[in-house]
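J.: For reference, this is upload27.csv, and it has CSV, C-alpha atoms.
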chain,number,residue,atom,x,y,z
A,10,MET,CA,106.3,68.6,85.7
A,11,ILE,CA,107.2,65.0,84.8
A,12,PRO,CA,105.6,63.0,82.0
A,13,GLN,CA,103.2,60.1,82.6
A,14,GLU,CA,105.0,57.0,83.9
A,15,GLU,CA,105.3,55.1,80.6
A,16,VAL,CA,106.9,58.1,78.8
A,17,LEU,CA,109.0,59.0,81.8
A,18,HIS,CA,110.4,55.5,81.9
A,19,GLN,CA,111.3,55.7,78.2
A,20,ILE,CA,113.2,58.9,78.9
A,21,LEU,CA,115.0,57.6,82.0
A,22,THR,CA,115.9,54.3,80.3
A,23,ALA,CA,117.6,56.3,77.6
A,24,GLY,CA,119.6,58.1,80.3
A,25,ILE,CA,121.0,54.9,81.9
A,26,GLN,CA,122.1,53.7,78.5
A,27,ALA,CA,124.7,56.5,78.6
A,28,PRO,CA,128.4,55.5,79.0
A,29,SER,CA,130.2,55.4,82.3
A,30,ALA,CA,133.6,54.5,83.6
A,31,GLU,CA,134.1,50.7,83.5
A,32,ASN,CA,130.4,50.4,82.6
A,33,ILE,CA,129.2,51.1,86.2
A,34,HIS,CA,126.8,53.9,87.0
A,35,TYR,CA,127.2,55.6,90.4
A,36,PHE,CA,123.8,57.2,90.9
A,37,TRP,CA,120.2,56.5,91.7
A,38,LEU,CA,117.1,58.4,90.6
A,39,GLU,CA,114.4,59.8,92.9
A,40,VAL,CA,111.1,60.3,91.2
A,41,GLY,CA,109.1,63.1,92.9
A,42,GLU,CA,105.7,64.7,92.0
A,43,ARG,CA,107.2,67.4,89.8
A,44,THR,CA,110.9,66.5,89.4
A,45,VAL,CA,113.4,63.6,89.1
A,46,THR,CA,116.6,64.0,91.1
A,47,LEU,CA,119.9,62.2,90.3
A,48,HIS,CA,121.7,61.3,93.4
A,49,ALA,CA,125.5,60.6,93.2
A,50,THR,CA,126.3,57.5,95.2
A,51,GLY,CA,130.0,58.2,95.3
A,52,TYR,CA,129.7,61.9,96.4
A,53,ALA,CA,131.4,61.2,99.8
A,54,THR,CA,134.6,60.1,98.0
A,55,TRP,CA,134.9,63.2,95.7
A,56,ILE,CA,137.1,65.3,98.0
A,57,LYS,CA,139.8,62.7,98.2
A,58,ARG,CA,139.3,61.4,94.7
A,59,PRO,CA,138.8,64.3,92.2
A,60,ASP,CA,139.5,61.9,89.4
A,61,LEU,CA,136.4,59.9,90.3
A,62,LYS,CA,134.5,63.2,90.5
A,63,MET,CA,135.5,64.1,87.0
A,64,LEU,CA,134.5,60.7,85.6
A,65,ALA,CA,131.2,60.7,87.5
A,66,LEU,CA,130.2,64.2,86.4
A,67,MET,CA,131.1,63.3,82.8
A,68,SER,CA,128.9,60.3,83.0
A,69,TYR,CA,126.0,62.4,84.5
A,70,GLY,CA,126.4,64.9,81.6
A,71,ALA,CA,126.1,62.0,79.1
A,72,VAL,CA,123.0,60.7,81.0
A,73,VAL,CA,121.3,64.1,80.8
A,74,GLU,CA,122.2,64.4,77.1
A,75,ASN,CA,120.5,61.1,76.4
A,76,ILE,CA,117.5,62.1,78.4
A,77,THR,CA,117.3,65.4,76.6
A,78,LEU,CA,117.5,63.7,73.2
A,79,LYS,CA,114.9,61.1,74.1
A,80,ALA,CA,112.5,63.7,75.6
A,81,HIS,CA,112.7,65.8,72.5
A,82,ALA,CA,111.8,62.8,70.4
A,83,LEU,CA,108.8,62.2,72.6
A,84,GLY,CA,107.6,65.8,72.6
A,85,PHE,CA,109.1,67.2,75.8
A,86,ALA,CA,111.7,69.8,76.6
A,87,THR,CA,114.1,69.0,79.5
A,88,HIS,CA,114.9,71.5,82.3
A,89,GLU,CA,117.9,70.8,84.5
A,90,THR,CA,119.3,72.4,87.6
A,91,TRP,CA,122.8,71.3,88.6
A,92,ARG,CA,124.4,71.3,92.1
A,93,PHE,CA,128.0,70.3,92.8
A,94,ASP,CA,127.9,70.8,96.6
A,95,SER,CA,125.5,68.0,97.4
A,96,SER,CA,124.9,64.4,96.4
A,97,ARG,CA,121.6,65.6,94.8
A,98,VAL,CA,123.6,66.6,91.7
A,99,VAL,CA,120.9,67.4,89.2
A,100,GLU,CA,117.2,68.0,89.3
A,101,LEU,CA,115.2,67.3,86.1
A,102,SER,CA,111.8,68.4,84.9
A,103,TRP,CA,110.0,68.5,81.6
A,104,GLN,CA,107.5,70.6,79.7
A,105,PRO,CA,105.5,69.7,76.5
A,106,ALA,CA,107.3,71.0,73.4
A,107,THR,CA,107.5,70.4,69.7
A,108,GLN,CA,108.6,66.9,68.8
A,109,THR,CA,112.1,66.9,67.5
A,110,LEU,CA,113.6,63.8,65.8
A,111,ASP,CA,117.4,63.8,66.0
A,112,PRO,CA,119.4,61.0,64.3
A,113,LEU,CA,121.6,61.0,67.4
A,114,GLU,CA,118.6,59.8,69.5
A,115,ARG,CA,118.2,56.8,67.3
A,116,ALA,CA,121.8,55.7,68.1
A,117,ILE,CA,121.3,55.7,71.9
A,118,GLU,CA,120.4,52.0,72.1
A,119,THR,CA,123.2,50.7,69.8
A,120,ARG,CA,126.1,53.0,71.0
A,121,HIS,CA,129.1,50.9,72.2
A,122,THR,CA,132.8,50.8,72.6
A,123,ASN,CA,134.8,48.9,70.0
A,124,ARG,CA,138.3,47.8,71.2
A,125,ARG,CA,139.2,45.9,68.1
A,126,PHE,CA,142.1,47.1,65.9
A,127,TYR,CA,140.7,49.5,63.3
A,128,GLN,CA,141.2,49.5,59.6
A,129,ARG,CA,143.8,51.9,58.4
A,130,THR,CA,141.6,53.5,55.7
A,131,PRO,CA,140.8,57.1,56.7
A,132,VAL,CA,137.2,58.3,57.2
A,133,ALA,CA,135.9,60.8,54.6
A,134,ILE,CA,136.6,64.4,55.7
A,135,ASP,CA,133.0,65.5,55.3
A,136,ILE,CA,131.9,62.8,57.8
A,137,LEU,CA,134.6,63.9,60.3
A,138,GLU,CA,133.3,67.5,59.9
A,139,LYS,CA,129.7,66.4,60.6
A,140,ILE,CA,130.8,64.6,63.7
A,141,SER,CA,132.6,67.7,64.9
A,142,VAL,CA,129.5,69.7,64.4
A,143,ALA,CA,127.6,67.4,66.7
A,144,VAL,CA,130.1,68.3,69.4
A,145,ASN,CA,130.2,72.0,68.7
A,146,SER,CA,126.6,72.4,69.7
A,147,VAL,CA,127.7,72.0,73.3
A,148,PRO,CA,128.9,75.4,74.6
A,149,GLY,CA,132.7,75.5,75.0
A,150,ALA,CA,133.3,72.1,73.4
A,151,ARG,CA,135.4,71.3,70.3
A,152,VAL,CA,137.3,68.4,68.8
A,153,HIS,CA,140.9,68.5,67.8
A,154,TRP,CA,141.8,65.9,65.2
A,155,LEU,CA,145.5,65.0,65.9
A,156,SER,CA,146.8,64.6,62.4
A,157,SER,CA,150.3,66.0,62.3
A,158,ARG,CA,153.2,63.8,63.2
A,159,PRO,CA,154.2,65.8,66.4
A,160,GLN,CA,150.6,65.9,67.6
A,161,ARG,CA,150.2,62.1,67.1
A,162,ARG,CA,153.5,61.4,68.7
A,163,LEU,CA,152.7,63.4,71.9
A,164,ALA,CA,149.2,61.9,72.1
A,165,LEU,CA,150.4,58.3,71.7
A,166,ASN,CA,153.1,58.9,74.4
A,167,LEU,CA,150.5,60.3,76.7
A,168,MET,CA,148.3,57.2,76.3
A,169,ARG,CA,151.2,54.8,76.6
A,170,ILE,CA,152.4,56.4,79.9
A,171,ALA,CA,149.0,56.5,81.4
A,172,GLU,CA,148.1,52.9,80.5
A,173,THR,CA,151.4,51.7,81.7
A,174,GLU,CA,150.8,53.4,85.1
A,175,ARG,CA,147.5,51.5,85.5
A,176,PHE,CA,149.3,48.2,85.4
A,177,ARG,CA,152.2,49.5,87.6
A,178,ARG,CA,150.4,50.8,90.7
A,179,LYS,CA,148.4,48.7,93.0
A,180,GLY,CA,145.4,50.9,93.5
A,181,LEU,CA,145.0,51.6,89.8
A,182,HIS,CA,145.5,47.9,89.0
A,183,HIS,CA,142.8,46.9,91.5
A,184,GLU,CA,140.4,49.6,90.2
A,185,MET,CA,140.8,48.4,86.6
A,186,PHE,CA,140.7,44.6,87.1
A,187,ASN,CA,137.9,44.8,89.7
A,188,ALA,CA,135.5,46.0,86.9
A,189,ILE,CA,136.3,43.0,84.6
A,190,ARG,CA,133.8,40.2,85.2
A,191,PHE,CA,136.1,37.2,84.7
A,192,GLU,CA,133.5,34.9,86.2
A,193,ARG,CA,131.5,35.4,83.0
A,194,GLY,CA,134.1,33.7,80.9
A,195,TRP,CA,135.3,34.8,77.5
A,196,ASP,CA,131.9,34.9,75.7
A,197,GLY,CA,128.7,36.7,76.3
A,198,THR,CA,128.0,39.9,78.1
A,199,VAL,CA,127.1,41.3,81.6
A,200,THR,CA,124.7,44.1,82.7
A,201,GLU,CA,127.3,45.9,84.8
A,202,GLY,CA,131.1,46.0,84.6
A,203,LEU,CA,133.1,44.8,81.6
A,204,PRO,CA,132.7,41.3,80.0
A,205,PRO,CA,136.1,39.9,79.2
A,206,ALA,CA,135.1,39.3,75.6
A,207,ALA,CA,134.6,43.0,75.1
A,208,LEU,CA,138.3,43.6,75.8
A,209,GLN,CA,139.3,41.9,72.6
A,210,VAL,CA,142.3,40.2,74.2
A,211,GLU,CA,144.0,37.8,71.8
A,212,VAL,CA,143.1,34.1,72.4
A,213,PRO,CA,146.7,33.0,73.4
A,214,MET,CA,146.9,35.9,75.9
A,215,ARG,CA,143.6,35.4,77.7
A,216,ARG,CA,144.7,33.1,80.4
A,217,PRO,CA,147.9,35.0,81.3
A,218,PHE,CA,145.9,38.3,81.2
A,219,ALA,CA,143.3,36.8,83.6
A,220,TRP,CA,146.1,35.7,86.0
A,221,LEU,CA,147.4,39.2,86.1
A,222,ARG,CA,144.2,40.3,87.9
A,223,HIS,CA,146.0,39.1,91.1
A,224,TRP,CA,148.3,41.9,92.3
A,225,SER,CA,150.9,39.5,93.6
A,226,LEU,CA,151.4,38.1,90.1
A,227,MET,CA,151.2,41.5,88.4
A,228,ARG,CA,153.9,42.8,90.7
A,229,VAL,CA,156.2,39.9,89.9
A,230,ALA,CA,155.5,40.3,86.2
A,231,ASN,CA,156.3,44.0,86.4
A,232,MET,CA,159.8,43.1,87.4
A,233,ILE,CA,160.4,41.9,83.9
A,234,GLY,CA,158.6,44.9,82.3
A,235,SER,CA,155.1,43.4,81.8
A,236,HIS,CA,153.6,46.8,82.6
A,237,LEU,CA,155.5,48.4,79.7
A,238,ALA,CA,154.3,45.7,77.2
A,239,LEU,CA,150.7,46.0,78.5
A,240,GLY,CA,150.8,49.8,78.3
A,241,LEU,CA,151.9,49.5,74.6
A,242,ARG,CA,149.2,46.9,73.8
A,243,SER,CA,146.3,48.6,75.6
A,244,GLY,CA,147.1,52.3,74.8
A,245,TYR,CA,149.8,53.0,72.3
A,246,LEU,CA,149.3,50.3,69.6
A,247,PRO,CA,145.5,50.5,69.0
A,248,CYS,CA,145.8,54.2,68.7
A,249,ALA,CA,148.9,54.2,66.6
A,250,LEU,CA,147.2,51.9,64.1
A,251,ALA,CA,143.9,53.8,64.0
A,252,PRO,CA,143.4,56.2,61.1
A,253,HIS,CA,142.2,58.9,63.4
A,254,ILE,CA,143.0,60.0,67.0
A,255,GLY,CA,141.7,63.1,68.6
A,256,LEU,CA,141.2,65.2,71.8
A,257,LEU,CA,138.0,66.6,73.2
A,258,LEU,CA,138.6,70.0,74.6
A,259,LEU,CA,136.3,72.1,76.8
A,260,ASN,CA,136.5,75.8,77.8
A,261,GLY,CA,134.9,76.8,81.0
A,262,ALA,CA,135.6,78.7,84.2
A,263,ASN,CA,133.8,76.2,86.5
A,264,LYS,CA,135.7,72.9,86.5
A,265,ASP,CA,132.6,70.9,87.6
A,266,ALA,CA,130.3,72.4,85.1
A,267,THR,CA,133.0,71.8,82.4
A,268,HIS,CA,133.1,68.1,83.3
A,269,VAL,CA,129.4,67.9,82.8
A,270,GLN,CA,129.6,69.6,79.5
A,271,ALA,CA,132.4,67.3,78.5
A,272,GLY,CA,130.2,64.3,79.2
A,273,ARG,CA,127.4,65.8,77.0
A,274,ALA,CA,129.9,66.6,74.2
A,275,LEU,CA,131.5,63.2,74.4
A,276,GLN,CA,128.1,61.5,74.2
A,277,ARG,CA,127.0,63.5,71.2
A,278,PHE,CA,130.3,62.7,69.5
A,279,TRP,CA,129.9,59.0,70.3
A,280,LEU,CA,126.3,58.9,69.0
A,281,ALA,CA,127.4,60.6,65.8
A,282,THR,CA,130.1,58.0,65.2
A,283,GLU,CA,127.5,55.3,65.8
A,284,HIS,CA,125.1,57.0,63.4
A,285,TYR,CA,127.8,56.9,60.7
A,286,GLY,CA,128.6,53.3,61.4
A,287,LEU,CA,132.1,54.0,62.8
A,288,ALA,CA,134.1,52.3,65.5
A,289,PHE,CA,135.0,54.4,68.5
A,290,GLN,CA,137.0,54.0,71.8
A,291,PRO,CA,137.5,56.7,74.4
A,292,MET,CA,141.0,56.8,76.0
A,293,ALA,CA,140.4,58.4,79.4
A,294,ALA,CA,143.5,57.5,81.5
A,295,ALA,CA,145.9,60.3,80.3
A,296,THR,CA,143.5,63.2,81.2
A,297,VAL,CA,142.0,61.5,84.3
A,298,LEU,CA,145.3,60.6,86.1
A,299,VAL,CA,146.4,64.2,86.1
A,300,GLN,CA,143.3,64.9,88.2
A,301,GLN,CA,144.1,62.2,90.8
A,302,ILE,CA,145.8,63.0,94.1
A,303,SER,CA,149.2,61.3,94.0
A,304,ALA,CA,149.7,58.5,96.6
A,305,PRO,CA,151.9,55.4,97.0
A,306,ASP,CA,149.4,53.0,95.5
A,307,TRP,CA,148.0,55.5,93.0
A,308,VAL,CA,149.5,57.6,90.3
A,309,SER,CA,153.1,58.7,91.0
A,310,ALA,CA,154.1,62.4,91.1
A,311,ASN,CA,156.7,61.6,88.5
A,312,THR,CA,154.1,60.2,86.1
A,313,GLN,CA,151.8,63.1,86.7
A,314,ASN,CA,154.7,65.5,85.8
A,315,ARG,CA,155.4,63.6,82.6
A,316,LEU,CA,151.7,63.6,81.6
A,317,ASN,CA,151.4,67.3,82.4
A,318,ASN,CA,154.5,68.2,80.5
A,319,ARG,CA,153.4,66.3,77.4
A,320,LEU,CA,149.9,67.8,77.7
A,321,GLN,CA,151.4,71.3,77.7
A,322,ALA,CA,153.6,70.4,74.7
A,323,LEU,CA,150.5,69.0,72.8
A,324,GLY,CA,148.7,72.2,73.7
A,325,ALA,CA,151.5,74.2,72.2
A,326,GLU,CA,151.3,72.1,69.0
A,327,LEU,CA,147.5,72.9,68.8
A,328,GLY,CA,148.0,76.5,69.6
A,329,VAL,CA,146.2,76.2,73.0
A,330,ALA,CA,147.5,77.0,76.5
A,331,PHE,CA,145.8,74.4,78.6
A,332,GLY,CA,144.4,75.8,81.9
A,333,VAL,CA,145.9,79.3,81.4
A,334,LYS,CA,143.4,81.7,79.9
A,335,ALA,CA,140.0,82.6,81.2
A,336,PRO,CA,137.9,80.6,80.6
A,337,PRO,CA,140.6,77.9,80.7
A,338,ALA,CA,140.9,75.2,78.1
A,339,ARG,CA,140.6,71.8,79.6
A,340,PRO,CA,141.7,68.6,77.8
A,341,THR,CA,139.1,66.0,78.8
A,342,MET,CA,139.3,62.9,76.6
A,343,PHE,CA,141.5,61.3,74.0
A,344,PHE,CA,139.9,58.9,71.6
A,345,ARG,CA,140.5,56.8,68.5
A,346,LEU,CA,138.1,56.5,65.5
A,347,GLY,CA,137.9,54.3,62.4
A,348,ARG,CA,136.2,51.3,61.0
A,349,ALA,CA,136.3,47.8,62.4
A,350,PRO,CA,134.2,44.6,62.6
A,351,GLU,CA,131.7,44.5,65.4
A,352,PRO,CA,133.2,43.7,68.8
A,353,THR,CA,132.9,40.2,70.2
A,354,ALA,CA,130.7,41.4,73.0
A,355,VAL,CA,129.0,44.6,74.1
A,356,ALA,CA,128.4,45.4,77.7
A,357,GLY,CA,124.8,45.7,78.8
A,358,ARG,CA,123.0,47.8,81.4
A,359,ARG,CA,120.9,47.1,84.5
A,360,ALA,CA,117.2,47.6,84.2
A,361,LEU,CA,115.8,51.0,85.0
A,362,GLN,CA,114.1,49.7,88.2
A,363,TYR,CA,117.5,49.1,89.7
A,364,PHE,CA,118.2,52.9,89.6
A,365,LEU,CA,114.8,54.0,91.0
A,366,LYS,CA,115.7,53.2,94.6
A,367,PRO,CA,118.6,54.2,96.9
A,368,PRO,CA,121.4,51.6,97.1
A,369,ALA,CA,121.3,49.1,100.0
Translate this structure into C-alpha cells?

T.:
Amino acid sequence: MIPQEEVLHQILTAGIQAPSAENIHYFWLEVGERTVTLHATGYATWIKRPDLKMLALMSYGAVVENITLKAHALGFATHETWRFDSSRVVELSWQPATQTLDPLERAIETRHTNRRFYQRTPVAIDILEKISVAVNSVPGARVHWLSSRPQRRLALNLMRIAETERFRRKGLHHEMFNAIRFERGWDGTVTEGLPPAALQVEVPMRRPFAWLRHWSLMRVANMIGSHLALGLRSGYLPCALAPHIGLLLLNGANKDATHVQAGRALQRFWLATEHYGLAFQPMAAATVLVQQISAPDWVSANTQNRLNNRLQALGAELGVAFGVKAPPARPTMFFRLGRAPEPTAVAGRRALQYFLKPPA
C-alpha cells in the first residue's frame, strides 16, 4: 500500500533531499495504486559508464534511507524491492507500523556539504564512536578513521591524484564544470547543480577559476602545472588540514547491492554528523575513478594503476584486502570531518512535483 497523498508527499520529499553527485538527481518517481517506483533516467549509460552507475546507485540508496527514516517518523514501515537489470530500479510500498522518532530523521532537511577549511581541533572520541554506530546499522558497512601517519599519507595522495586527474582530462573537466552554475554568480544558491558560492573559492581566485571552465583555457593552464595546483587545493589541502579523514568500507558479494548499501551508510553517517553539529565533505573521486572505463578524454590507465596500487597499500595498512575475500571489501567513499563556520551557500533541491513525471 501507499499512504494518503499528503503523508506520501512528506515521505517522498525527504527522499529527494538526499545527496547526489554534483547535486543532480537522475531519477523520476512513478506513483501507482499500491507502490512507488523509482526510475533511473541514466540507466542506458550504465554499461559504458560503470562509474556513473556506482554514483547513481549510491544516491538511490541515500534516497531510500531518507524515505525509510521519514516513514518511520510518520508511523509507516517501508518495503523495498531492488532490480539492477532495468531502469525500474526500486519499488517501494509501506505498511502502518509503530511510530519511531530517530534523531537522524530530524537532520534530513539541514544536511549539507561544507567545503570550508576545518578547525584543527579534534572531535571528541565518544562522538566519533556514536557516528560510527549510525553506519554500523547498515549490513556490511563500517568506517575506518585514518589516524596513523601512513594511513593519512596514502589517503591524501589518493585524493590528490584523483582531483588532479579531474582537471587534466577533457571529459572529467567538462563533467565537473558543467555542474557548476556560474550564471548564478558568487552569492545565493540554486535548486539543481552547484552554486559557485558553495565551492568556497577564495575571492582573488574566483575569476580565474571561472575562466578555467573553458577547456581551451584549462588545457593551456595545464601546460604550466595548473592541474597539479588545483588538485592540491581541492583534494589534498582541505583533507590534510582537517582533524579527521576516513574511509567508508562495504562488504558484499553483489557490487550493485553494495553500492546501494554504501549510499544508505553514507547518508546515515552524514545525518549523524549534522545531528552533532559537525562539518562534513565526501571525497568521491578516488574511489569512483577506479570504476571508470579508461579512455582518451577520461581517466588514464596510468592514473587508475596509481590509484589501485595506493588503495591496496591503504588496505594493507588497515588490515583489509580490498576486493579479495568473499564477500569482498569495497572502498566506497573517502571523507573529511571536523568543525567549521557554516558555508557561504548551500545547494537547494527541485520541488517534489518535478520528480513525479517522466523527463521530457

J.: How far is it from atom CA of Thr44 of chain A to atom CA of Ser96 of chain A, in Å with one decimal?

T.: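 Computing it gives 15.8 Å between the two atoms.
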
J.: With segment 20-25 of chain A as the partner and 9 Å as the cut-off, tabulate the residues of segment 297-367 of chain A that qualify, each row holding the nearest pair of atoms and their distance in Å to one decimal, using all atoms listed in the file, sorted by chain and rising number, as JSON lines.

T.:
{"residue": "A:Arg358", "atom": "CA", "partner": "A:Ile25", "partner_atom": "CA", "distance": 7.4}
{"residue": "A:Arg359", "atom": "CA", "partner": "A:Ile25", "partner_atom": "CA", "distance": 8.2}
{"residue": "A:Ala360", "atom": "CA", "partner": "A:Thr22", "partner_atom": "CA", "distance": 7.9}
{"residue": "A:Leu361", "atom": "CA", "partner": "A:Thr22", "partner_atom": "CA", "distance": 5.7}
{"residue": "A:Phe364", "atom": "CA", "partner": "A:Ile25", "partner_atom": "CA", "distance": 8.4}

J.: I need the residue nearest Gln160 of chain A from this list: A:Gln19, A:Gly357, A:Leu256, A:Gln276. Use all atoms listed in the file for the distance.

T.: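 So, comparing all the options, the nearest one is A:Leu256.
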
J.: Rank A:Ala80, A:Ala325, A:Leu259, A:Ala354 by their smallest atom-to-atom distance to Gln209 of chain A, using only C-alpha atoms, and report the top residue only.

T.: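 Of all the options, A:Ala354 lies closest to Gln209 of chain A.
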
J.: So that I can check the surroundings of Glu74 of chain A, please list as a ChimeraX atom specification every protein, DNA and RNA residue that reaches within 9 Å of it, counting only C-alpha atoms and ignoring chain neighbours fewer than 5 positions away.

T.: /A:24,27,69,79,272-274,276-277

J.: Rounded to one decimal place, report the atom CA of Arg345 of chain A-atom CA of Ala251 of chain A distance in Å.

T.: 6.4 Å

J.: Would you mind listing what lies within 8 Å of Ser68 of chain A as a list in words, with all atoms listed in the file counted and same-chain residues fewer than 6 positions away left out?

T.: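 After dropping sequence-adjacent residues, the list is Ala27, Pro28, Ser29, Ala30, His34, Val269 and Gly272 of chain A.
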
J.: Within 8 Å of segment 127-132 of chain A, counting all atoms listed in the file, which residues qualify if same-chain residues fewer than 6 places away don't, as a ChimeraX atom specification?

T.: /A:247,250-253,288,346-349

J.: Which distance in Å separates atom CA of Arg125 of chain A and atom CA of Glu174 of chain A, to one decimal?

T.: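 Atom-to-atom, atom CA of Arg125 of chain A and atom CA of Glu174 of chain A are spaced 21.9 Å apart.
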
J.: Name the residues within 9 Å of (130.1, 60.9, 96.9), counting only C-alpha atoms in the file's coordinates, and put them as a PyMOL selection string.

T.: chain A and resi 35+49-56+62+95-96

J.: Name the residues in contact with segment 240-243 of chain A at a cut-off of 12 Å, using all atoms listed in the file, excluding same-chain residues fewer than 5 positions from it; report them as an NGL selection string.

T.: :A and (124-126 or 165-177 or 208-211 or 214 or 218 or 231 or 234-235 or 248-250 or 290 or 292 or 294-295)

J.: Between A:Leu323, A:Leu47, A:Leu137, A:Leu66, which one has atoms that come closest to Arg97 of chain A, using all atoms listed in the file?

T.: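 Among the listed residues, the smallest separation from Arg97 of chain A belongs to A:Leu47.
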
J.: Selecting C-alpha atoms, how would segment 235-302 of chain A from this structure be written as a compact mmCIF listing (two decimals), in the first residue's frame?

T.:
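Once everything was written out, this is out36.txt:
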# COMPACT_ATOMS: atom_id res chain seq x y z
CA SER A 235 47.69 24.33 -13.01
CA HIS A 236 46.07 20.90 -12.69
CA LEU A 237 48.66 19.99 -10.05
CA ALA A 238 47.96 23.13 -8.03
CA LEU A 239 44.19 22.65 -8.34
CA GLY A 240 44.47 19.01 -7.28
CA LEU A 241 46.34 20.11 -4.16
CA ARG A 242 43.82 22.86 -3.37
CA SER A 243 40.65 20.87 -3.99
CA GLY A 244 41.70 17.50 -2.58
CA TYR A 245 44.93 17.30 -0.64
CA LEU A 246 44.98 20.55 1.32
CA PRO A 247 41.43 20.60 2.78
CA CYS A 248 41.84 17.00 3.93
CA ALA A 249 45.39 17.45 5.23
CA LEU A 250 44.22 20.32 7.44
CA ALA A 251 41.07 18.54 8.66
CA PRO A 252 41.27 16.89 12.10
CA HIS A 253 39.67 13.68 10.80
CA ILE A 254 39.67 11.86 7.49
CA GLY A 255 38.19 8.44 6.93
CA LEU A 256 37.03 5.77 4.54
CA LEU A 257 33.62 4.14 4.24
CA LEU A 258 34.02 0.44 3.52
CA LEU A 259 31.33 -2.05 2.43
CA ASN A 260 31.41 -5.85 2.33
CA GLY A 261 29.15 -7.55 -0.19
CA ALA A 262 29.22 -10.13 -2.95
CA ASN A 263 26.89 -8.20 -5.27
CA LYS A 264 28.55 -4.98 -6.41
CA ASP A 265 25.29 -3.20 -7.30
CA ALA A 266 23.66 -4.04 -3.98
CA THR A 267 26.84 -2.94 -2.23
CA HIS A 268 26.67 0.46 -3.90
CA VAL A 269 23.09 0.87 -2.66
CA GLN A 270 24.12 -0.10 0.87
CA ALA A 271 27.04 2.31 0.64
CA GLY A 272 24.62 5.11 -0.17
CA ARG A 273 22.48 4.23 2.83
CA ALA A 274 25.52 4.06 5.11
CA LEU A 275 26.91 7.33 3.78
CA GLN A 276 23.60 9.07 4.36
CA ARG A 277 23.32 7.80 7.92
CA PHE A 278 26.90 8.94 8.57
CA TRP A 279 26.17 12.35 7.08
CA LEU A 280 22.95 12.80 9.06
CA ALA A 281 24.78 11.83 12.25
CA THR A 282 27.47 14.45 11.62
CA GLU A 283 24.72 17.03 11.06
CA HIS A 284 23.00 15.94 14.28
CA TYR A 285 26.21 16.64 16.22
CA GLY A 286 26.79 19.98 14.51
CA LEU A 287 29.88 18.90 12.56
CA ALA A 288 31.17 19.85 9.12
CA PHE A 289 31.44 17.08 6.54
CA GLN A 290 32.61 16.68 2.95
CA PRO A 291 32.60 13.44 0.94
CA MET A 292 35.59 12.98 -1.38
CA ALA A 293 34.37 10.62 -4.08
CA ALA A 294 36.89 10.93 -6.91
CA ALA A 295 39.49 8.40 -5.74
CA THR A 296 37.04 5.51 -5.42
CA VAL A 297 34.87 6.49 -8.40
CA LEU A 298 37.66 6.89 -10.97
CA VAL A 299 38.86 3.32 -10.45
CA GLN A 300 35.37 2.22 -11.60
CA GLN A 301 35.51 4.25 -14.80
CA ILE A 302 36.45 2.70 -18.15
